[in-house]
Amino acid sequence: MSEFNQGDIIKITGFKRQLFVIVSKNAFIKATGIFHVCPMLSNNHAGPLHIPVCGKKGESGTVICEQFKAIDPRARGCNRVDFLAYEDIMNVSDAVQGIFEYD
């Protein structure tokens with residue numbers, strides 16, 4: 001199995017053109033073998049939970065942080081196509097974490 005990391009932009013078998021961003025921490029991925037992803041859309045507007053990003057190899061779009069899903073890469077075909085800069089990882093992680101903050 002290929003090693004995946006937080007901030008990787010991946011394709012998942014069954015989604016023709018859809019890209020996803022891995023949002024799980026690397027320690028979680030290594031401990032469980034699964035990771036959480038958020039979809040990355042090309043035609044969506046920025047907002048508090050919609051974070052525009054551009055990968056180091058040129059893949060760009062808006063990460064939809066409220067629509068995260070757990071993925072087992074052993075059960076689903078996953079391929080890394082790009083990866084985010086650390087600043088983009090921080091912005092996406094902050095948005096995801098903000099969903100779970102207490103009032």
# chains A, B, ... in the order shown; residues from 1 in each chain; ligands from 1
call {"tool": "residues_around", "arguments": {"residues": "range 21-30 of chain A", "least_positions_apart": "5", "cutoff": "10 Å", "atoms": "only C-alpha atoms", "output": "ChimeraX atom specification"}}
result
/A:3-11,35-40,53,62-65,68-72,80,82-84,89-90,92-93,96
call {"tool": "select_by_dssp", "arguments": {"residues": "chain A", "states": "helix (DSSP H, G or I)", "output": "PyMOL selection string"}}
result
chain A and resi 26-32+86-99
call {"tool": "select_by_dssp", "arguments": {"residues": "chain A", "states": "strand (DSSP E or B)", "output": "number ranges by chain"}}
result
A: 8-12, 19-22, 35-41, 47, 50-54, 60-64, 69-71, 78-83
call {"tool": "closest_residue", "arguments": {"among": "A:Gly61, A:Gly14, A:Gly98, A:Pro73", "to": "Asn43 in chain A", "atoms": "only C-alpha atoms"}}
result
A:Gly61
call {"tool": "closest_residue", "arguments": {"among": "A:Glu66, A:Glu59, A:Pro52, A:Ile99", "to": "Glu87 in chain A", "atoms": "only C-alpha atoms"}}
result
A:Pro52
call {"tool": "closest_residue", "arguments": {"among": "A:Ile12, A:Leu19, A:Gly33, A:Gln97", "to": "Pro48 in chain A", "atoms": "only C-alpha atoms"}}
result
A:Gln97
